[in-house]
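**Q** Questions regarding the structure given below will be posed in turn.
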Amino acid sequence: MKNNFFILVLGFLALSINMQAQTLTTDTIPPGVQGAINPMTDNAPINSGDELLDASFPNSWPVFGSGVRMSVGGYVKSDFIHDFDYIGDRYEFELGSIAVEGSPERDLGGITTFHSKQTRFNFDFRSKAKWKSGKEFPMSAFVELDFFFDSEALQFVPRFRLAYGVIGRMLIGRSWTNSGDLTTLPGLIDFSAGDALYGGRATQIRWKDSFGKNFTYVLALEEAAGQIDNPNDLEGAFRAQYPQLTGNVRWHSMNGSSFQLGVDAFALSWKGPDYVPNVTKTGYALTGTGRFVLNVSKFKDSFMYGGGFGTGLGGRLIALSWDGKASGAITENGLNLNKAWWAFAGYNHYWSESFNSTIATNWGGTELTPDQTDGTIKKAGSFHANLIWFPYPLISTGIEYMWGLRQNKNGIEGQASRVQLMVKFKFH
C-alpha cells in the first residue's frame with residue numbers, strides 16, 4: 001500500500017512537470033526555467049493585493065478542509081568549483097575574500113570544491129482574510145530555506161532565508177530589502193551574483209501599491225544594518241536605535257522591461273562610556289536599477305543595469321562588507337561615515353532554445369577615513385561569463401568563468417579567477 005502511494009505521488013509530479021513544460025510561453029514562464037527573460041534568476045516574485053488572487057497560482061493545490069491553497073517550490077543544485085588563486089570563500093565568489101599581493105594567504109594558491117549548499121525549498125500559502133464587516137483581503141504566507149551557511153561545519157544544516165506574510169498590500173516579515181531589485185540581477189551561476197546586490201534580506205514592514213497602469217511604489221521600515229570600524233579600539237559598540245526608512249518607485253512594461261528609483265535613509269549610532277563619543281549620524285543611499293528586454297529571437301534577451309551612491313551605505317554592499325568596516329569609523333573626534341558607490345551591468349542572450357549566456361561586470365568602492373587601516377577594502381570589481389544548457393525545461397547545467405579584483409586603502413591589490421560548473425533540477 002505504501003509503495004503504491006509513492007508511485008501515485010511520483011506520477012502526479014511527473015504529470016505536473018510535463019504539463020508545465022508544454023504550456024509555458026515567454027510571457028508566463030516563471031523565473032529560473034528555460035525561456036524566462038533571465039533563466040538563472042530563481043527568486044520568487046513578491047506579490048501583494050490582487051496579484052495574490054491570480055487563478056494561475058503556479059502548481060498549487062487546495063489544503064483540504066480550508067480555503068487555503070499551497071505550492072511547494074525550489075531546486076536541487078550542485079556546484080563544482082576550481083579556484084586558480086586563493087579566495088577566502090570557497091562557495092561564493094566574494095570579492096572581499098580575495099587575498100592581496102604579499103599576504104600569507106596569497107601563497108596558498110587555488111583549491112577545488114564540490115558542494116550542494118545552494119539547494120533550496122519554499123512553501124507558499126494563499127487565502128483570503130475576512131473582517132467582521134464582511135470585507136475580504138487576499139493574504140499569503142511564504143517560507144524559504146537553503147543550506148548556505150558559511151561555516152563548513154554547518155553545510156548540511158538548513159538556513160532560514162525568507163519568512164513573511166502578506167495581507168492586502170502590506171508585507172510583514174523577513175524578505176528582500178526594498179532597494180534590492182532582484183529582477184535586474186545578471187543571471188550568474190555564482191551564488192553571490194558577482195557581488196552586484198545592494199541590500200540583502202531584512203525583517204520589515206512594507207506597503208506596496210500601484211498608480212497608473214505601469215507604476216508601483218513601495219514604502220518600508222526595515223531592520224537597521226551598518227558596519228562601524230573602530231581602528232583605535234575605543235570602548236563602546238554600534239547600536240541600531242532606529243529602523244531604516246526605504247522607498248522606491250518602479251515602472252514596468254508588458255514585455256518585462258522595467259526601471260526603479262529607490263532611496264534609503266538610516267541612522268548609525270555609536271554608544272560608549274562618558275569619555276567616548278556617543279553620537280548618531282544619518283546616512284542615505286540613492287539607487288537606480290533597470291532591465292531592457294529585446295525581442296531578438298523566439299526567446300527574449302535582456303540588458304540589466306544598476307547603480308547607486310550615498311553615505312554610510314557600505315555595510316549593505318556585499319563587495320565592501322567582508323571585513324566589517326564599510327559604513328564608517330569611530331574615533332576620539334566622533335563618527336565619520338564613508339561615501340560609497342556601486343554599479344553593475346549584464347547582458348543575457350539565448351543562442352538557441354536550449355543554450356543561454358550571460359556576461360556581467362560589477363564594481364563598488366568607498367572613500368575611507370584617514371584613521372582606517374591600510375588593509376581595509378577600498379574597491380572591488382568582477383567580470384563573469386557563462387554558458388547554460390537546458391536539456392529539458394526544468395533541468396539545466398552550465399559553466400561560468402569569473403575574475404575578480406580587490407584593492408585596499410594602501411593601493412595593494414589582489415586578483416583571482418574561478419571556474420564553476422553546476423547542475424540544477426527544479427521542482428516548481
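Residue names in the C-alpha cells use chain letters A, B, ... in the order shown, residue numbers from 1 in each chain, and ligand numbers from 1 in the order shown.
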I want to know what sits within 12 Å of A:Ala163, based on only C-alpha atoms, with residues of the same chain fewer than 6 positions away left out; could you give that as a PDB file with N, CA and C atoms, in the first residue's frame?
**A**
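Resulting contents of part04.pdb:
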ATOM      1  N   ILE A  46       7.566  38.760  -5.221  1.00  0.00           N
ATOM      2  CA  ILE A  46       6.802  39.092  -4.014  1.00  0.00           C
ATOM      3  C   ILE A  46       5.512  39.759  -4.446  1.00  0.00           C
ATOM      4  N   ASN A 122      10.871  26.000  -0.799  1.00  0.00           N
ATOM      5  CA  ASN A 122       9.991  27.014  -0.231  1.00  0.00           C
ATOM      6  C   ASN A 122       8.548  26.532  -0.219  1.00  0.00           C
ATOM      7  N   PHE A 123       7.746  27.182   0.637  1.00  0.00           N
ATOM      8  CA  PHE A 123       6.336  26.849   0.810  1.00  0.00           C
ATOM      9  C   PHE A 123       5.537  28.143   0.713  1.00  0.00           C
ATOM     10  N   ASP A 124       4.546  28.153  -0.156  1.00  0.00           N
ATOM     11  CA  ASP A 124       3.743  29.341  -0.397  1.00  0.00           C
ATOM     12  C   ASP A 124       2.276  28.999  -0.119  1.00  0.00           C
ATOM     13  N   PHE A 125       1.653  29.721   0.828  1.00  0.00           N
ATOM     14  CA  PHE A 125       0.251  29.509   1.187  1.00  0.00           C
ATOM     15  C   PHE A 125      -0.532  30.774   0.862  1.00  0.00           C
ATOM     16  N   SER A 140      -1.205  35.861   2.160  1.00  0.00           N
ATOM     17  CA  SER A 140      -0.297  34.753   1.873  1.00  0.00           C
ATOM     18  C   SER A 140       0.727  34.637   2.980  1.00  0.00           C
ATOM     19  N   ALA A 141       1.360  33.471   3.049  1.00  0.00           N
ATOM     20  CA  ALA A 141       2.499  33.239   3.938  1.00  0.00           C
ATOM     21  C   ALA A 141       3.545  32.480   3.133  1.00  0.00           C
ATOM     22  N   PHE A 142       4.794  32.941   3.202  1.00  0.00           N
ATOM     23  CA  PHE A 142       5.862  32.360   2.389  1.00  0.00           C
ATOM     24  C   PHE A 142       7.062  32.080   3.273  1.00  0.00           C
ATOM     25  N   VAL A 143       7.629  30.877   3.136  1.00  0.00           N
ATOM     26  CA  VAL A 143       8.822  30.471   3.897  1.00  0.00           C
ATOM     27  C   VAL A 143       9.798  29.820   2.928  1.00  0.00           C
ATOM     28  N   GLU A 144      11.086  30.184   3.039  1.00  0.00           N
ATOM     29  CA  GLU A 144      12.103  29.585   2.169  1.00  0.00           C
ATOM     30  C   GLU A 144      13.372  29.301   2.967  1.00  0.00           C
ATOM     31  N   LEU A 145      13.984  28.165   2.677  1.00  0.00           N
ATOM     32  CA  LEU A 145      15.221  27.751   3.339  1.00  0.00           C
ATOM     33  C   LEU A 145      16.206  27.236   2.306  1.00  0.00           C
ATOM     34  N   LEU A 171       3.172  43.797   3.666  1.00  0.00           N
ATOM     35  CA  LEU A 171       4.047  42.651   3.937  1.00  0.00           C
ATOM     36  C   LEU A 171       4.720  42.847   5.283  1.00  0.00           C
ATOM     37  N   ILE A 172       4.745  41.793   6.086  1.00  0.00           N
ATOM     38  CA  ILE A 172       5.415  41.825   7.386  1.00  0.00           C
ATOM     39  C   ILE A 172       6.261  40.555   7.497  1.00  0.00           C
ATOM     40  N   GLY A 173       7.563  40.720   7.762  1.00  0.00           N
ATOM     41  CA  GLY A 173       8.432  39.561   7.923  1.00  0.00           C
ATOM     42  C   GLY A 173       9.784  39.786   7.284  1.00  0.00           C
ATOM     43  N   ARG A 174      10.496  38.701   7.110  1.00  0.00           N
ATOM     44  CA  ARG A 174      11.854  38.754   6.547  1.00  0.00           C
ATOM     45  C   ARG A 174      11.785  38.537   5.043  1.00  0.00           C
ATOM     46  N   SER A 175      12.195  39.548   4.294  1.00  0.00           N
ATOM     47  CA  SER A 175      12.175  39.483   2.847  1.00  0.00           C
ATOM     48  C   SER A 175      13.347  40.287   2.307  1.00  0.00           C
ATOM     49  N   TRP A 176      13.420  40.430   0.975  1.00  0.00           N
ATOM     50  CA  TRP A 176      14.486  41.213   0.368  1.00  0.00           C
ATOM     51  C   TRP A 176      14.300  42.690   0.677  1.00  0.00           C
ATOM     52  N   ARG A 201      18.650  40.658   2.755  1.00  0.00           N
ATOM     53  CA  ARG A 201      17.374  40.269   3.351  1.00  0.00           C
ATOM     54  C   ARG A 201      17.269  40.886   4.734  1.00  0.00           C
ATOM     55  N   ALA A 202      16.065  41.349   5.083  1.00  0.00           N
ATOM     56  CA  ALA A 202      15.863  42.017   6.368  1.00  0.00           C
ATOM     57  C   ALA A 202      14.414  41.870   6.798  1.00  0.00           C
ATOM     58  N   THR A 203      14.186  41.822   8.109  1.00  0.00           N
ATOM     59  CA  THR A 203      12.826  41.843   8.635  1.00  0.00           C
ATOM     60  C   THR A 203      12.271  43.257   8.489  1.00  0.00           C
ATOM     61  N   GLN A 204      11.019  43.368   8.060  1.00  0.00           N
ATOM     62  CA  GLN A 204      10.499  44.670   7.677  1.00  0.00           C
ATOM     63  C   GLN A 204       8.985  44.718   7.739  1.00  0.00           C
TER      64      GLN A 204
END
**Q** Excluding stretch 115-119 of chain A and its own-chain neighbours fewer than 3 positions away, which residues fall within 12 Å of it when counting only C-alpha atoms? Please give them as a PyMOL selection string.
**A** chain A and resi 42+73-82+90-92+112+122+144-159+161+189-192+420-427
**Q** Would you please extract all helix (DSSP H, G or I) residues from stretch 173-381 of chain A, as assigned by DSSP on the backbone, and give them as a compact mmCIF listing (two decimals) with N, CA and C atoms, in the first residue's frame?
**A**
# COMPACT_ATOMS: atom_id res chain seq x y z
N LEU A 182 15.74 42.48 -7.54
CA LEU A 182 16.23 41.17 -7.96
C LEU A 182 16.00 40.90 -9.44
N THR A 183 15.00 41.54 -10.03
CA THR A 183 14.72 41.28 -11.45
C THR A 183 15.83 41.78 -12.35
N THR A 184 16.69 42.65 -11.85
CA THR A 184 17.75 43.22 -12.68
C THR A 184 19.11 42.56 -12.43
N ALA A 193 26.09 36.47 -7.06
CA ALA A 193 25.67 37.29 -8.20
C ALA A 193 26.72 38.34 -8.55
N GLY A 194 27.98 37.99 -8.37
CA GLY A 194 29.04 38.92 -8.71
C GLY A 194 29.18 40.07 -7.73
N ASP A 195 28.60 39.92 -6.53
CA ASP A 195 28.60 41.00 -5.53
C ASP A 195 27.88 42.24 -6.04
N LEU A 313 26.41 53.70 3.41
CA LEU A 313 25.71 52.53 2.88
C LEU A 313 26.61 51.33 2.66
N GLY A 314 27.92 51.44 2.90
CA GLY A 314 28.85 50.36 2.57
C GLY A 314 28.55 49.05 3.27
N GLY A 315 27.91 49.10 4.45
CA GLY A 315 27.60 47.87 5.17
C GLY A 315 26.61 46.98 4.46
N ARG A 316 25.86 47.53 3.49
CA ARG A 316 24.92 46.73 2.71
C ARG A 316 25.40 46.50 1.28
N ILE A 318 27.67 44.13 -0.72
CA ILE A 318 28.32 42.84 -0.48
C ILE A 318 29.81 42.91 -0.77
N ALA A 319 30.20 43.60 -1.85
CA ALA A 319 31.60 43.64 -2.26
C ALA A 319 32.49 44.32 -1.23
N LEU A 320 31.93 45.22 -0.41
CA LEU A 320 32.74 46.00 0.52
C LEU A 320 32.59 45.56 1.98
**Q** Give me, as a tab-separated table, each residue of stretch 118-235 of chain A that comes within 12 Å of stretch 273-281 of chain A, together with its shortest interatomic pair and the distance in Å at one decimal, counting only C-alpha atoms, with rows ordered by chain and rising residue number.
**A**
residue	atom	partner	partner_atom	distance
A:Gly226	CA	A:Lys281	CA	11.7
A:Ile228	CA	A:Lys281	CA	11.7
A:Asn230	CA	A:Val276	CA	11.7
A:Asn232	CA	A:Val276	CA	11.3
A:Asp233	CA	A:Val276	CA	10.8
A:Leu234	CA	A:Val276	CA	7.1
A:Glu235	CA	A:Val276	CA	6.9
**Q** When distances are computed from only C-alpha atoms, which of A:Ser269, A:Ser327, A:Asn214, A:Asn295 shows the smallest separation from A:Ala237?
**A**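 The closest residue to A:Ala237 is A:Ser269.
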**Q** With only C-alpha atoms as the basis for distance, which of A:Asn338, A:Thr376, A:Asn410, A:Thr287 is at the shortest distance from A:Leu268?
**A** A:Asn338
**Q** Of the candidates A:Gly414, A:Phe259, A:Pro62, A:Phe93, which shows the shortest atom-to-atom distance to A:Tyr401, using only C-alpha atoms?
**A** A:Phe93
**Q** With only C-alpha atoms as the atoms that count, which of A:Gly236, A:Gly375, A:Gly180, A:Gly212 lies nearest to A:Ala285?
**A**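 Of the candidates, the smallest distance to A:Ala285 is held by A:Gly180.
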**Q** Run DSSP on the backbone and tell me which residues of stretch 76-177 of chain A come out as strand (DSSP E); list them as a PyMOL selection string.
**A** chain A and resi 76-83+112-115+120-130+136-146+159-167+170-176
